[in-house]
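Below is the file my_file16.cif, which contains mmCIF, C-alpha atoms.
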```
data_start
#
loop_
_atom_site.label_atom_id
_atom_site.label_comp_id
_atom_site.auth_asym_id
_atom_site.auth_seq_id
_atom_site.Cartn_x
_atom_site.Cartn_y
_atom_site.Cartn_z
CA MET A 443 77.37 117.78 124.56
CA ARG A 444 77.84 114.03 124.98
CA GLU A 445 79.96 112.91 127.93
CA ILE A 446 82.27 109.88 128.25
CA ALA A 447 83.62 108.87 131.64
CA TYR A 448 87.40 108.90 131.96
CA ASP A 449 87.42 105.41 133.49
CA ASP A 450 85.34 104.01 130.62
CA LEU A 451 87.83 105.40 128.12
CA VAL A 452 90.74 103.84 130.04
CA LYS A 453 88.97 100.48 130.20
CA SER A 454 88.18 100.41 126.48
CA VAL A 455 91.66 101.40 125.32
CA LYS A 456 93.33 99.00 127.76
CA ALA A 457 91.26 96.07 126.49
CA MET A 458 92.08 96.98 122.89
CA VAL A 459 95.83 97.12 123.53
CA MET A 460 95.93 93.82 125.41
CA HIS A 461 93.87 92.02 122.76
CA THR A 462 95.94 93.42 119.88
CA ALA A 463 99.21 92.16 121.39
CA SER A 464 98.21 88.53 120.92
CA HIS A 465 95.55 88.52 118.19
CA LEU A 466 96.64 89.34 114.66
CA PRO A 467 93.81 91.22 112.93
CA GLU A 468 91.88 89.38 110.24
CA ASP A 469 93.19 91.56 107.41
CA ALA A 470 96.84 90.85 108.25
CA LEU A 471 96.17 87.15 108.78
CA ALA A 472 94.34 86.87 105.45
CA ALA A 473 97.16 88.71 103.65
CA ILE A 474 99.78 86.32 105.05
CA GLU A 475 97.65 83.30 104.15
CA LYS A 476 97.31 84.67 100.60
CA ALA A 477 101.09 85.18 100.43
CA TYR A 478 101.58 81.58 101.60
CA GLN A 479 99.33 80.29 98.83
CA GLU A 480 101.06 82.39 96.15
CA GLU A 481 104.69 81.95 97.26
CA LYS A 482 106.83 80.12 94.69
CA SER A 483 109.83 79.36 96.92
CA GLU A 484 109.48 76.27 99.12
CA VAL A 485 111.87 77.75 101.70
CA ALA A 486 109.89 81.00 101.94
CA LYS A 487 106.65 79.01 102.00
CA SER A 488 107.96 77.12 105.04
CA VAL A 489 108.78 80.41 106.76
CA LEU A 490 105.29 81.78 106.05
CA LYS A 491 103.81 78.60 107.52
CA GLN A 492 105.79 79.23 110.72
CA ILE A 493 104.54 82.82 110.82
CA LEU A 494 100.94 81.58 110.52
CA ASP A 495 101.50 78.91 113.18
CA ASN A 496 102.92 81.57 115.51
CA ALA A 497 99.87 83.79 114.97
CA HIS A 498 97.48 80.95 115.77
CA LEU A 499 99.42 79.91 118.89
CA ALA A 500 99.58 83.51 120.14
CA SER A 501 95.82 83.82 119.80
CA GLU A 502 95.06 80.45 121.39
CA GLU A 503 97.40 80.94 124.35
CA ASP A 504 96.83 84.71 124.65
CA ARG A 505 100.56 85.43 124.40
CA PRO A 506 102.36 88.24 122.54
CA LEU A 507 102.79 87.73 118.81
CA CYS A 508 106.36 89.03 119.07
CA GLN A 509 108.90 89.79 121.79
CA ASP A 510 109.02 93.36 120.43
CA THR A 511 105.62 94.55 121.63
CA GLY A 512 106.36 97.97 120.16
CA LEU A 513 105.69 101.56 121.03
CA ALA A 514 102.00 102.40 121.33
CA VAL A 515 100.89 104.62 118.43
CA TYR A 516 97.41 106.15 118.26
CA PHE A 517 95.44 108.24 115.77
CA VAL A 518 92.52 109.80 117.63
CA ASN A 519 89.58 111.64 116.06
CA VAL A 520 87.76 113.63 118.74
CA GLY A 521 84.23 114.84 118.00
CA GLU A 522 83.55 118.51 118.63
CA ASP A 523 80.46 117.57 120.65
CA VAL A 524 81.97 115.05 123.05
CA LYS A 525 83.69 115.60 126.37
CA VAL A 526 85.68 113.26 128.62
CA VAL A 527 84.61 113.70 132.24
CA GLY A 528 87.10 113.05 135.03
CA GLY A 529 90.36 113.66 133.18
CA SER A 530 91.94 114.34 129.81
CA ILE A 531 91.87 112.08 126.76
CA ARG A 532 95.68 112.05 126.61
CA ASP A 533 95.98 110.99 130.26
CA ALA A 534 93.37 108.26 129.77
CA ILE A 535 95.20 106.81 126.76
CA ASN A 536 98.55 106.89 128.53
CA GLN A 537 97.09 105.27 131.65
CA ALA A 538 95.43 102.57 129.55
CA THR A 539 98.67 101.93 127.68
CA GLU A 540 100.72 101.58 130.86
CA GLU A 541 98.20 99.27 132.54
CA ALA A 542 97.85 97.10 129.42
CA TYR A 543 101.59 96.72 128.95
CA LYS A 544 102.13 95.91 132.62
CA GLU A 545 99.25 93.48 133.07
CA GLY A 546 99.82 91.84 129.69
CA TYR A 547 103.52 91.31 130.46
CA LEU A 548 104.42 93.28 127.36
CA ARG A 549 107.90 94.71 127.02
CA ALA A 550 108.59 98.29 128.02
CA SER A 551 110.66 99.72 125.15
CA THR A 552 110.82 103.49 125.65
CA CYS A 553 114.25 104.79 126.56
CA ASP A 554 116.29 107.98 126.68
CA CYS A 555 117.65 108.89 123.23
CA PHE A 556 121.23 109.37 124.42
CA ASP A 557 122.10 107.22 127.43
CA ARG A 558 119.49 104.56 126.42
CA HIS A 559 118.23 103.87 129.94
CA ASN A 560 114.66 102.60 130.14
CA LEU A 561 112.13 105.24 131.18
CA LYS A 562 109.60 102.88 132.80
CA ASP A 563 110.35 104.15 136.32
CA GLU A 564 110.45 107.85 135.40
CA VAL A 565 107.95 108.60 132.63
CA GLY A 566 105.89 105.41 132.89
CA TYR A 567 105.84 101.83 131.63
CA ASN A 568 106.27 102.07 127.85
CA LEU A 569 105.25 105.72 127.97
CA PRO A 570 104.64 108.21 126.58
CA ALA A 571 102.33 106.79 123.97
CA VAL A 572 102.57 108.44 120.54
CA ILE A 573 99.21 110.13 120.04
CA HIS A 574 98.05 112.05 116.96
CA PHE A 575 94.87 114.04 117.62
CA ASP A 576 92.40 115.50 115.15
CA LEU A 577 89.21 117.45 115.86
CA VAL A 578 86.23 116.30 113.77
CA PRO A 579 82.45 116.90 113.66
CA GLY A 580 80.22 114.70 115.81
CA ASP A 581 79.95 113.36 119.34
CA LYS A 582 82.19 110.29 119.17
CA ILE A 583 85.84 109.46 119.81
CA GLU A 584 87.47 107.21 117.23
CA ILE A 585 90.77 105.60 118.25
CA GLU A 586 93.12 103.73 115.94
CA TYR A 587 95.94 101.86 117.67
CA ALA A 588 99.05 100.05 116.47
CA ALA A 589 102.01 98.47 118.21
CA LYS A 590 105.03 99.70 116.23
CA GLY A 591 108.17 97.60 116.55
CA GLY A 592 111.72 98.88 116.20
CA GLY A 593 112.82 96.65 113.34
CA SER A 594 110.28 98.01 110.89
CA GLU A 595 110.51 101.59 112.13
CA ASN A 596 114.31 101.59 111.77
CA VAL A 597 114.17 101.06 108.00
CA SER A 598 111.56 103.78 107.37
CA ARG A 599 112.76 106.85 105.46
CA ALA A 600 111.60 110.29 104.31
CA THR A 601 112.89 112.72 101.72
CA VAL A 602 111.87 115.71 99.63
CA LEU A 603 112.10 115.16 95.89
CA ALA A 604 112.19 117.73 93.15
CA PRO A 605 108.69 118.08 91.65
CA ALA A 606 110.00 117.11 88.21
CA GLN A 607 110.91 113.65 89.54
CA GLY A 608 107.20 112.87 89.79
CA LYS A 609 105.83 109.34 90.07
CA GLU A 610 108.98 107.79 88.67
CA GLY A 611 111.06 109.47 91.36
CA ILE A 612 108.63 108.30 94.04
CA LYS A 613 108.74 104.73 92.71
CA ASN A 614 112.55 104.72 92.67
CA PHE A 615 112.72 106.07 96.22
CA VAL A 616 110.27 103.49 97.57
CA LYS A 617 112.15 100.67 95.82
CA GLN A 618 115.47 101.87 97.23
CA VAL A 619 114.09 102.07 100.77
CA ILE A 620 112.70 98.53 100.65
CA SER A 621 115.79 97.16 98.92
CA ASP A 622 118.03 98.70 101.58
CA ALA A 623 115.74 97.34 104.31
CA GLY A 624 116.22 93.75 103.14
CA PRO A 625 115.29 91.24 105.86
CA ASN A 626 115.50 93.71 108.76
CA PRO A 627 111.78 94.64 109.04
CA CYS A 628 110.73 90.94 109.16
CA PRO A 629 109.01 90.59 105.79
CA PRO A 630 106.52 90.06 104.31
CA ILE A 631 105.80 93.69 105.09
CA ILE A 632 103.16 96.35 104.63
CA VAL A 633 104.47 99.57 103.08
CA GLY A 634 102.91 102.92 103.92
CA VAL A 635 103.73 105.79 101.56
CA GLY A 636 102.96 109.42 102.36
CA ILE A 637 103.13 111.79 99.40
CA GLY A 638 102.87 115.57 99.49
CA GLY A 639 102.11 117.95 102.31
CA THR A 640 105.25 119.04 104.10
CA PHE A 641 108.08 116.90 105.45
CA GLU A 642 106.27 116.04 108.68
CA VAL A 643 102.86 115.63 107.00
CA ALA A 644 104.32 113.08 104.58
CA ALA A 645 105.84 111.14 107.50
CA LYS A 646 102.59 111.18 109.47
CA SER A 647 100.59 110.13 106.40
CA SER A 648 102.91 107.20 105.70
CA LYS A 649 102.40 105.99 109.27
CA HIS A 650 98.63 106.39 109.11
CA ALA A 651 98.51 104.52 105.78
CA LEU A 652 99.61 101.40 107.67
CA PHE A 653 96.33 101.40 109.63
CA ARG A 654 94.25 100.71 106.52
CA GLU A 655 93.15 97.10 106.22
CA ALA A 656 95.82 95.23 104.28
CA GLY A 657 95.14 95.10 100.57
CA THR A 658 91.87 97.05 100.56
CA PRO A 659 91.52 99.21 97.43
CA ASN A 660 92.49 102.85 97.60
CA THR A 661 89.43 105.06 97.12
CA ASN A 662 91.41 107.09 94.57
CA PRO A 663 91.60 105.00 91.35
CA ASP A 664 94.94 106.54 90.28
CA LEU A 665 96.51 105.82 93.68
CA ASP A 666 95.02 102.32 93.68
CA ALA A 667 96.74 101.60 90.36
CA PHE A 668 100.01 103.10 91.67
CA GLU A 669 99.81 100.92 94.80
CA LYS A 670 99.41 97.78 92.69
CA GLU A 671 102.32 98.84 90.47
CA LEU A 672 104.56 99.47 93.48
CA LYS A 673 103.64 96.16 95.09
CA GLU A 674 104.51 94.28 91.92
CA GLU A 675 107.84 96.10 91.62
CA LEU A 676 108.74 95.53 95.26
CA ASN A 677 107.95 91.83 95.10
CA LYS A 678 110.36 91.56 92.16
CA LEU A 679 113.16 92.43 94.59
CA GLY A 680 113.06 88.81 95.73
CA ILE A 681 113.73 89.48 99.42
CA GLY A 682 111.02 87.07 100.50
CA ALA A 683 109.72 86.01 103.90
CA MET A 684 112.23 86.91 106.64
CA GLY A 685 114.78 87.61 103.88
CA MET A 686 114.97 83.97 102.77
CA GLY A 687 114.26 84.85 99.13
CA GLY A 688 110.95 84.42 97.36
CA THR A 689 108.14 86.11 95.50
CA GLN A 690 106.16 87.51 98.47
CA THR A 691 108.13 90.35 100.10
CA VAL A 692 105.25 92.84 100.37
CA LEU A 693 101.72 92.10 101.56
CA ALA A 694 100.36 95.52 100.58
CA VAL A 695 101.30 99.06 99.62
CA HIS A 696 99.08 101.84 100.97
CA ILE A 697 99.39 105.45 99.84
CA GLU A 698 98.07 108.67 101.36
CA LYS A 699 98.40 111.87 99.30
CA ASN A 700 98.26 115.55 100.36
CA PRO A 701 98.57 118.89 98.54
CA CYS A 702 102.10 120.30 98.69
CA HIS A 703 104.15 123.40 97.94
CA ILE A 704 104.77 124.12 94.25
CA ALA A 705 108.52 123.80 94.79
CA SER A 706 108.63 120.48 96.65
CA LEU A 707 107.52 116.85 96.60
CA PRO A 708 107.84 115.30 100.08
CA VAL A 709 107.76 111.50 100.21
CA SER A 710 107.88 109.21 103.24
CA VAL A 711 108.00 105.43 103.48
CA ASN A 712 106.92 103.81 106.75
CA VAL A 713 107.26 100.05 107.02
CA GLN A 714 105.26 97.59 109.12
CA CYS A 715 106.39 94.02 109.76
CA HIS A 716 104.23 90.96 109.01
CA SER A 717 102.90 91.19 112.58
CA SER A 718 100.71 94.18 111.72
CA ARG A 719 99.08 94.64 115.11
CA HIS A 720 96.39 97.30 114.79
CA SER A 721 92.88 97.92 116.12
CA HIS A 722 90.09 100.49 115.85
CA ILE A 723 87.41 101.39 118.36
CA THR A 724 84.67 104.02 118.44
CA LEU A 725 83.26 105.39 121.69
#
```
structure tokens encoding of this file:
Amino acid sequence: MREIAYDDLVKSVKAMVMHTASHLPEDALAAIEKAYQEEKSEVAKSVLKQILDNAHLASEEDRPLCQDTGLAVYFVNVGEDVKVVGGSIRDAINQATEEAYKEGYLRASTCDCFDRHNLKDEVGYNLPAVIHFDLVPGDKIEIEYAAKGGGSENVSRATVLAPAQGKEGIKNFVKQVISDAGPNPCPPIIVGVGIGGTFEVAAKSSKHALFREAGTPNTNPDLDAFEKELKEELNKLGIGAMGMGGTQTVLAVHIEKNPCHIASLPVSVNVQCHSSRHSHITL
């Protein structure tokens, strides 16, 4: 049984969170640069240039990419042959999140659902983190992290279609969600689509799909073709960068598919803004 010290886990996650707040990952940066080159509208092109300038300044000055520094979302694969010594994995991730958000001067955004008061003095600074655990073979801990802002999360949707609606029904639902979203999620966006499973599995899959490097091919050839088709259709909506109109509304569409019940076809769409702040570490 391999052992990892609690403090080492805290240190690693904290460093990842602080770095991610101000450094746009290479895949997102490359996708925006590609959109800038391919954009046909001069107005939208100017907006994309400002987005790129902001990303470079944030990195150079080590300042947050956006005032909405998001809720901390993690997907954690825990090896069956690894043990954290000195505390729990959940506590370590929450401690790291709180310390990173405090020391990085990142906004605390968690609040009570009803009276909307900030929970930083009760639960913790920007806590609790949203953590999805999975138990896997091996002796390592893999941690995927993303800062998920409110603007993109607010336009995300889930439904359960009739099986007969098939791919055409899925396409129409995704198009309607993005059309309704308009400029609100700060396009150009990345679109995660979860298909199948149950209602909550589809939602979780659509969120996890956003962690894939922007524009990388889907390992399933049929899904890869469907992603390309959806991206083309969504870019025809003409929403453009920050809703200013244009040809580049969507940077990428990523799909995750799961088996489902014979009587249902769950579909979820989770949206990420152009500031796709995500990181991945292995301990």
Output check: residues returned by the PyMOL selection byres ((chain A and resi 554-569) around 12), as an MDAnalysis selection string: chainID A and resid 510:515 532:533 535:553 570:573 589:590
Go ahead and write the residues just picked, C-alpha atoms, as a short mmCIF file (atom, residue, chain, number, x, y, z; two decimals), in the coordinates of the input.
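Once written, result33.cif looks like this:
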```
data_model
loop_
_atom_site.label_atom_id
_atom_site.label_comp_id
_atom_site.auth_asym_id
_atom_site.auth_seq_id
_atom_site.Cartn_x
_atom_site.Cartn_y
_atom_site.Cartn_z
CA ASP A 510 109.02 93.36 120.43
CA THR A 511 105.62 94.55 121.63
CA GLY A 512 106.36 97.97 120.16
CA LEU A 513 105.69 101.56 121.03
CA ALA A 514 102.00 102.40 121.33
CA VAL A 515 100.89 104.62 118.43
CA ARG A 532 95.68 112.05 126.61
CA ASP A 533 95.98 110.99 130.26
CA ILE A 535 95.20 106.81 126.76
CA ASN A 536 98.55 106.89 128.53
CA GLN A 537 97.09 105.27 131.65
CA ALA A 538 95.43 102.57 129.55
CA THR A 539 98.67 101.93 127.68
CA GLU A 540 100.72 101.58 130.86
CA GLU A 541 98.20 99.27 132.54
CA ALA A 542 97.85 97.10 129.42
CA TYR A 543 101.59 96.72 128.95
CA LYS A 544 102.13 95.91 132.62
CA GLU A 545 99.25 93.48 133.07
CA GLY A 546 99.82 91.84 129.69
CA TYR A 547 103.52 91.31 130.46
CA LEU A 548 104.42 93.28 127.36
CA ARG A 549 107.90 94.71 127.02
CA ALA A 550 108.59 98.29 128.02
CA SER A 551 110.66 99.72 125.15
CA THR A 552 110.82 103.49 125.65
CA CYS A 553 114.25 104.79 126.56
CA PRO A 570 104.64 108.21 126.58
CA ALA A 571 102.33 106.79 123.97
CA VAL A 572 102.57 108.44 120.54
CA ILE A 573 99.21 110.13 120.04
CA ALA A 589 102.01 98.47 118.21
CA LYS A 590 105.03 99.70 116.23
#
```
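Distances from A:Lys670, A:His722, A:His574, A:Lys491 to A:Met684 were compared using only C-alpha atoms, and the smallest one belongs to A:Lys491.
In terms of minimum interatomic distance to A:Gly680, A:Ala486 ranks closest within A:Ala486, A:Leu499, A:Ile612, A:Val602, counting all atoms listed in the file.
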Reference answer for the PyMOL selection byres ((chain A and resi 450) around 12), as an NGL selection string: :A and (445-449 or 451-457 or 526-529 or 531 or 534-535 or 537-538 or 725)
Keeping only C-alpha atoms, write the selected residues to a file as a CSV table (one decimal), keeping the file's coordinate frame.
```csv
chain,number,residue,atom,x,y,z
A,445,GLU,CA,80.0,112.9,127.9
A,446,ILE,CA,82.3,109.9,128.2
A,447,ALA,CA,83.6,108.9,131.6
A,448,TYR,CA,87.4,108.9,132.0
A,449,ASP,CA,87.4,105.4,133.5
A,451,LEU,CA,87.8,105.4,128.1
A,452,VAL,CA,90.7,103.8,130.0
A,453,LYS,CA,89.0,100.5,130.2
A,454,SER,CA,88.2,100.4,126.5
A,455,VAL,CA,91.7,101.4,125.3
A,456,LYS,CA,93.3,99.0,127.8
A,457,ALA,CA,91.3,96.1,126.5
A,526,VAL,CA,85.7,113.3,128.6
A,527,VAL,CA,84.6,113.7,132.2
A,528,GLY,CA,87.1,113.0,135.0
A,529,GLY,CA,90.4,113.7,133.2
A,531,ILE,CA,91.9,112.1,126.8
A,534,ALA,CA,93.4,108.3,129.8
A,535,ILE,CA,95.2,106.8,126.8
A,537,GLN,CA,97.1,105.3,131.6
A,538,ALA,CA,95.4,102.6,129.6
A,725,LEU,CA,83.3,105.4,121.7
```
Give me the residues near A:His465 as an NGL selection string, where near means some atom within 9 Å (using all atoms listed in the file) and where sequence neighbours in that chain fewer than 3 positions away do not count. :A and (460-462 or 468 or 497-498 or 500-502 or 504-507 or 719)
Measuring atom to atom with only C-alpha atoms, identify which of A:Ser706, A:Asn712, A:Ser598, A:Asn626 is nearest to A:Thr691. A:Asn626
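Residue nearest A:Thr658 within the list A:Asp469, A:Val518, A:Lys487, A:Gly688: A:Asp469 [criterion: smallest interatomic distance, only C-alpha atoms].
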Please, can stretch 488-500 of chain A be completed to N, CA, C and O atoms and returned as a short mmCIF file (atom, residue, chain, number, x, y, z; two decimals), in the frame of the given file?
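Below is the file result.cif, written as the result:
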```cif
data_model
loop_
_atom_site.label_atom_id
_atom_site.label_comp_id
_atom_site.auth_asym_id
_atom_site.auth_seq_id
_atom_site.Cartn_x
_atom_site.Cartn_y
_atom_site.Cartn_z
N SER A 488 107.79 77.71 103.71
CA SER A 488 107.96 77.12 105.04
C SER A 488 108.01 78.20 106.12
O SER A 488 107.43 78.04 107.20
N VAL A 489 108.69 79.30 105.81
CA VAL A 489 108.78 80.41 106.76
C VAL A 489 107.40 81.03 107.00
O VAL A 489 107.01 81.33 108.13
N LEU A 490 106.64 81.22 105.93
CA LEU A 490 105.29 81.78 106.05
C LEU A 490 104.39 80.87 106.87
O LEU A 490 103.55 81.34 107.65
N LYS A 491 104.58 79.56 106.72
CA LYS A 491 103.81 78.60 107.52
C LYS A 491 104.13 78.78 109.00
O LYS A 491 103.23 78.73 109.86
N GLN A 492 105.40 79.00 109.33
CA GLN A 492 105.79 79.23 110.72
C GLN A 492 105.19 80.52 111.26
O GLN A 492 104.78 80.59 112.42
N ILE A 493 105.14 81.55 110.42
CA ILE A 493 104.54 82.82 110.82
C ILE A 493 103.06 82.62 111.13
O ILE A 493 102.54 83.14 112.13
N LEU A 494 102.37 81.85 110.29
CA LEU A 494 100.94 81.58 110.52
C LEU A 494 100.74 80.74 111.77
O LEU A 494 99.83 81.00 112.57
N ASP A 495 101.60 79.75 111.97
CA ASP A 495 101.50 78.91 113.18
C ASP A 495 101.70 79.76 114.44
O ASP A 495 101.00 79.58 115.44
N ASN A 496 102.66 80.68 114.38
CA ASN A 496 102.92 81.57 115.51
C ASN A 496 101.70 82.43 115.82
O ASN A 496 101.34 82.61 116.99
N ALA A 497 101.05 82.94 114.77
CA ALA A 497 99.87 83.79 114.97
C ALA A 497 98.74 83.00 115.63
O ALA A 497 98.07 83.51 116.54
N HIS A 498 98.55 81.77 115.20
CA HIS A 498 97.48 80.95 115.77
C HIS A 498 97.79 80.58 117.23
O HIS A 498 96.89 80.61 118.08
N LEU A 499 99.04 80.25 117.52
CA LEU A 499 99.42 79.91 118.89
C LEU A 499 99.28 81.11 119.83
O LEU A 499 98.81 80.98 120.96
N ALA A 500 99.69 82.29 119.34
CA ALA A 500 99.58 83.51 120.14
C ALA A 500 98.13 83.78 120.52
O ALA A 500 97.83 84.13 121.67
#
```
